[in-house]
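Student: Quick one: the structure is below, and I'll ask about it shortly.
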Amino acid sequence: MPQTKQLADSVRSGNIRSLAKAITLIESRNPDHSKEAADLLDNLLPDTENAIRIGISGVPGVGKSTFIEALGMDLLQRGHKIAILAVDPSSQLSGGSILGDKTRMEELAREKNAFIRPSPAGNTLGGVARKTRETMLLCEAAGYDVIIVETVGVGQSEIAVASMVDFFLLLQLANAGDELQGIKKGVMEIADAILINKAEGENRPRAELARQQYANALHLLKPKSNHWQVPALLCSALHNQGINEVWQVILNFIATMKQQGEFEEKRLLQATDWMWTLVMDDLKELFLRDKNVAAMIERVQTGVSQGTTSPGAAARRLLEAFRRP
Ligand SMILES: Nc1nc2c(ncn2[C@@H]2O[C@H](COP(=O)(O)OP(=O)(O)OP(=O)(O)O)[C@@H](O)[C@H]2O)c(=O)[nH]1
Ligand SMILES: [Mg+2]
């Protein structure tokens, strides 16, 4: 399609309006647009190799946005172009977004080499993550060489973000005494580094203590890679302390993974996983929209919820209905 190619070329040239247009196309719920969006992504895929993808998560108020602003300003000075995207699992409920009304990245937002984009409210986490991932690719093709995906830490969304980035950073606070209780083990297992924020002033000794406890706990976890020991670090995003150290850790991680061949391997694995996620999502939707299924789903589900039909029998009946022409 010549139109798609034109848009792709314009995105590649770094034109912001075309990038915004491309993102709108990807976010569109109009089924007519999905073929065009897929063509566009295919066209741009070869241009998405060179960026560094970073995921950042942590509980509300831990300082994610403040950290991203500090890191972002630092990276801009080093000549990078950065894009910041948000996966907001709460947007399904509130219709709001992390970066919506409470953007705390005012400095970054004024910079021409920074692109900040909240994810649209979506019906499912999968849907929101899908758009975030595709938006990330568009930004890369447009020349942004560092992509930061922010998400509030509520389990599911962290996993979704970790599966689309090269480096996953978990922000924590030093809460005296219960450092390791508040953190779910599963989340710790997907982190490539743990960063204790607000480690300044009188909070510093407690943060250092927490850092040591994390470091000890991390040593006990089975490593994701034999070539990377997940570090526990300190910073103060508000006071701009320790930010560059984190960046050096990220660069070191990427260099090590590339050297070991694990970088490319992980991206290809993520791409394959992603394909299956999309297939499964679409299958589920086809299933739910199937007229045979639709005709009986409520009755069958009621049977299961009232204990009169077994889940296995119910599933079998629904699948048989789905296969029936
Ligand atoms: N003392 C101190 N305060 C900080 C630091 N970093 C962030 N804060 C403050 O903590 C509050 C929350 O910071 P945000 O950056 O908005 O936190 P967030 O994790 O993005 O929060 P959500 O987007 O709501 O999930 C703000 O008042 C920040 O000024 C820090 O290093 N030290
Ligand atoms: Mg925030």
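Going through the structure tokens in order, the chains are called A, B, and so on, while each chain numbers its residues from 1 and the ligands are numbered from 1 in the order shown.
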Which residues are near ligand 1 - at most 10 Å, using only C-alpha atoms and all ligand atoms? Format: as a ChimeraX atom specification.

Tutor: /A:56-70,86,88,97-100,102-105,150-153,171-173,196-201,203,234-242

Student: Which residues, written as a PyMOL selection string, have at least one atom at most 7 Å from segment 40-55 of chain A, with only C-alpha atoms counted and residues fewer than 5 positions away on the same chain left out?

Tutor: chain A and resi 4+8+137+140-141+144-150+161-162+165-169

Student: Go ahead and compute the interatomic distance for atom CA of Asn113 of chain A and atom CA of Gln3 of chain A, in Å to one decimal.

Tutor: 26.7 Å

Student: One decimal, in Å: what's the spacing between atom CA of Phe253 of chain A and atom CA of Ser225 of chain A?

Tutor: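 Between atom CA of Phe253 of chain A and atom CA of Ser225 of chain A the gap is 10.7 Å.
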
Student: Find the distance between atom CA of Ala215 of chain A and atom CA of Pro231 of chain A and write it in Å to one decimal.

Tutor: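 It comes out at 6.5 Å.
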
Student: According to DSSP computed on the backbone, where in segment 238-269 of chain A is there alpha helix (DSSP H)? Give the residues as a PyMOL selection string.

Tutor: chain A and resi 243-259+262-269

Student: Would you mind exporting C-alpha atoms of the selected residues as a compact mmCIF listing (two decimals), in the first residue's frame?

Tutor:
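Writing done, so here's again.txt:
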# COMPACT_ATOMS: atom_id res chain seq x y z
CA ILE A 243 21.23 8.21 38.53
CA ASN A 244 24.22 7.90 36.25
CA GLU A 245 25.39 4.82 38.17
CA VAL A 246 22.12 3.13 37.23
CA TRP A 247 22.67 4.01 33.59
CA GLN A 248 26.17 2.53 33.72
CA VAL A 249 24.71 -0.68 35.15
CA ILE A 250 22.21 -0.80 32.30
CA LEU A 251 24.93 -0.29 29.69
CA ASN A 252 27.06 -2.91 31.35
CA PHE A 253 24.16 -5.36 31.35
CA ILE A 254 23.46 -4.80 27.67
CA ALA A 255 27.12 -5.12 26.71
CA THR A 256 27.45 -8.34 28.72
CA MET A 257 24.29 -9.85 27.26
CA LYS A 258 25.35 -8.95 23.73
CA GLN A 259 28.75 -10.47 24.30
CA GLU A 262 21.81 -13.56 25.18
CA PHE A 263 20.58 -10.15 24.07
CA GLU A 264 19.44 -11.24 20.63
CA GLU A 265 18.22 -14.55 22.01
CA LYS A 266 15.98 -12.80 24.53
CA ARG A 267 14.52 -10.46 21.92
CA LEU A 268 13.70 -13.32 19.59
CA LEU A 269 12.14 -15.27 22.43

Student: Write out as a PyMOL selection string the set of residues from segment 13-199 of chain A that DSSP, computed on the backbone, places in strand (DSSP E).

Tutor: chain A and resi 52-58+82-87+114-118+146-152+167-172+193-196

Student: Output N, CA and C atoms for every residue in that selection, as a tab-separated table (two decimals), in the first residue's frame.

Tutor:
chain	number	residue	atom	x	y	z
A	52	ILE	N	17.55	0.82	23.11
A	52	ILE	CA	17.60	0.10	24.38
A	52	ILE	C	16.22	0.23	25.01
A	53	ARG	N	15.66	-0.90	25.41
A	53	ARG	CA	14.31	-0.91	25.99
A	53	ARG	C	14.40	-1.18	27.48
A	54	ILE	N	13.89	-0.21	28.25
A	54	ILE	CA	13.99	-0.33	29.70
A	54	ILE	C	12.60	-0.31	30.31
A	55	GLY	N	12.32	-1.24	31.19
A	55	GLY	CA	11.05	-1.25	31.92
A	55	GLY	C	11.30	-0.78	33.34
A	56	ILE	N	10.40	0.04	33.87
A	56	ILE	CA	10.55	0.53	35.24
A	56	ILE	C	9.25	0.33	35.99
A	57	SER	N	9.36	-0.30	37.15
A	57	SER	CA	8.15	-0.55	37.92
A	57	SER	C	8.39	-0.30	39.39
A	58	GLY	N	7.33	-0.31	40.16
A	58	GLY	CA	7.41	-0.07	41.59
A	58	GLY	C	6.08	0.47	42.07
A	82	ILE	N	14.80	10.09	23.70
A	82	ILE	CA	14.13	9.11	24.55
A	82	ILE	C	12.61	9.17	24.44
A	83	ALA	N	12.01	8.00	24.50
A	83	ALA	CA	10.55	7.91	24.49
A	83	ALA	C	10.11	7.25	25.79
A	84	ILE	N	9.07	7.79	26.39
A	84	ILE	CA	8.56	7.25	27.64
A	84	ILE	C	7.10	6.84	27.45
A	85	LEU	N	6.83	5.58	27.70
A	85	LEU	CA	5.48	5.05	27.51
A	85	LEU	C	4.99	4.51	28.83
A	86	ALA	N	3.71	4.48	29.01
A	86	ALA	CA	3.18	3.99	30.28
A	86	ALA	C	2.15	2.90	30.07
A	87	VAL	N	2.29	1.85	30.86
A	87	VAL	CA	1.24	0.84	30.91
A	87	VAL	C	0.54	1.05	32.24
A	114	ALA	N	12.51	14.39	23.66
A	114	ALA	CA	11.82	13.44	24.54
A	114	ALA	C	10.37	13.32	24.09
A	115	PHE	N	9.90	12.10	24.05
A	115	PHE	CA	8.52	11.84	23.61
A	115	PHE	C	7.82	11.09	24.74
A	116	ILE	N	6.75	11.68	25.26
A	116	ILE	CA	6.06	11.06	26.39
A	116	ILE	C	4.65	10.69	25.97
A	117	ARG	N	4.30	9.46	26.20
A	117	ARG	CA	3.01	8.98	25.69
A	117	ARG	C	2.32	8.07	26.71
A	118	PRO	N	1.19	8.50	27.24
A	118	PRO	CA	0.44	7.58	28.11
A	118	PRO	C	-0.25	6.53	27.25
A	146	VAL	N	16.41	5.32	23.24
A	146	VAL	CA	16.16	4.76	24.57
A	146	VAL	C	14.66	4.82	24.81
A	147	ILE	N	14.06	3.67	25.07
A	147	ILE	CA	12.63	3.62	25.32
A	147	ILE	C	12.44	3.20	26.78
A	148	ILE	N	11.65	3.98	27.50
A	148	ILE	CA	11.39	3.64	28.89
A	148	ILE	C	9.90	3.35	29.05
A	149	VAL	N	9.58	2.18	29.55
A	149	VAL	CA	8.18	1.83	29.78
A	149	VAL	C	7.94	1.81	31.28
A	150	GLU	N	7.04	2.67	31.73
A	150	GLU	CA	6.74	2.76	33.15
A	150	GLU	C	5.44	2.02	33.45
A	151	THR	N	5.45	1.28	34.53
A	151	THR	CA	4.18	0.70	34.98
A	151	THR	C	4.12	0.66	36.50
A	152	VAL	N	2.93	0.86	37.02
A	152	VAL	CA	2.74	0.74	38.47
A	152	VAL	C	2.82	-0.73	38.83
A	167	PHE	N	15.78	-4.57	29.68
A	167	PHE	CA	16.26	-4.41	31.05
A	167	PHE	C	15.09	-3.99	31.93
A	168	PHE	N	14.86	-4.72	33.01
A	168	PHE	CA	13.72	-4.42	33.87
A	168	PHE	C	14.23	-3.97	35.24
A	169	LEU	N	13.87	-2.73	35.58
A	169	LEU	CA	14.36	-2.11	36.82
A	169	LEU	C	13.21	-1.98	37.81
A	170	LEU	N	13.45	-2.49	39.00
A	170	LEU	CA	12.41	-2.44	40.03
A	170	LEU	C	12.79	-1.41	41.10
A	171	LEU	N	11.95	-0.40	41.26
A	171	LEU	CA	12.20	0.62	42.29
A	171	LEU	C	11.56	0.21	43.61
A	172	GLN	N	12.30	0.44	44.67
A	172	GLN	CA	11.81	0.07	46.00
A	172	GLN	C	12.07	1.20	46.98
A	193	ALA	N	17.72	-5.36	37.93
A	193	ALA	CA	18.38	-4.61	39.02
A	193	ALA	C	17.28	-4.11	39.95
A	194	ILE	N	17.64	-3.97	41.22
A	194	ILE	CA	16.72	-3.39	42.19
A	194	ILE	C	17.32	-2.08	42.66
A	195	LEU	N	16.49	-1.05	42.66
A	195	LEU	CA	16.98	0.29	42.96
A	195	LEU	C	16.17	0.85	44.12
A	196	ILE	N	16.86	1.15	45.21
A	196	ILE	CA	16.18	1.72	46.37
A	196	ILE	C	16.25	3.23	46.27

Student: For each of A:Asp273, A:Glu285, A:Asp39, A:Glu134, take the minimum atom-to-atom distance to Ser163 of chain A, counting only C-alpha atoms, then give the residue where this is smallest.

Tutor: A:Asp273

Student: Hey, what's within 12 Å of Ser10 of chain A if we count only C-alpha atoms and toss same-chain stuff fewer than 4 positions away? As a list in words, please?

Tutor: Gln3, Thr4, Lys5, Gln6, Gly14, Asn15, Ile16, Arg17, Ser18, Leu19, Ala20, Lys21, Ala22, Leu40, Asn43, Leu44, Leu138, Ala141, Ala142 and Gly143 of chain A

Student: Write out, as a CSV table (one decimal), in the first residue's frame, the residues just selected, with C-alpha atoms.

Tutor:
chain,number,residue,atom,x,y,z
A,3,GLN,CA,-0.1,5.2,1.6
A,4,THR,CA,1.3,3.0,4.3
A,5,LYS,CA,4.8,3.2,2.8
A,6,GLN,CA,4.6,6.9,2.8
A,14,GLY,CA,11.6,11.4,12.6
A,15,ASN,CA,8.5,13.4,11.8
A,16,ILE,CA,6.6,13.8,15.1
A,17,ARG,CA,3.2,14.3,13.5
A,18,SER,CA,3.6,11.2,11.5
A,19,LEU,CA,4.6,9.3,14.6
A,20,ALA,CA,1.5,10.5,16.3
A,21,LYS,CA,-0.6,9.5,13.3
A,22,ALA,CA,1.0,6.1,13.2
A,40,LEU,CA,3.1,-0.3,8.8
A,43,ASN,CA,7.5,-2.0,7.1
A,44,LEU,CA,9.2,-0.4,10.1
A,138,LEU,CA,7.2,2.9,16.2
A,141,ALA,CA,11.8,3.5,14.0
A,142,ALA,CA,11.4,7.2,14.5
A,143,GLY,CA,14.9,7.4,15.9

Student: Can you tell me, as a count of residues only, what residues are no more than 12 Å from Ala315 of chain A when counting only C-alpha atoms, ignoring any on the same chain fewer than 3 positions away?

Tutor: 17
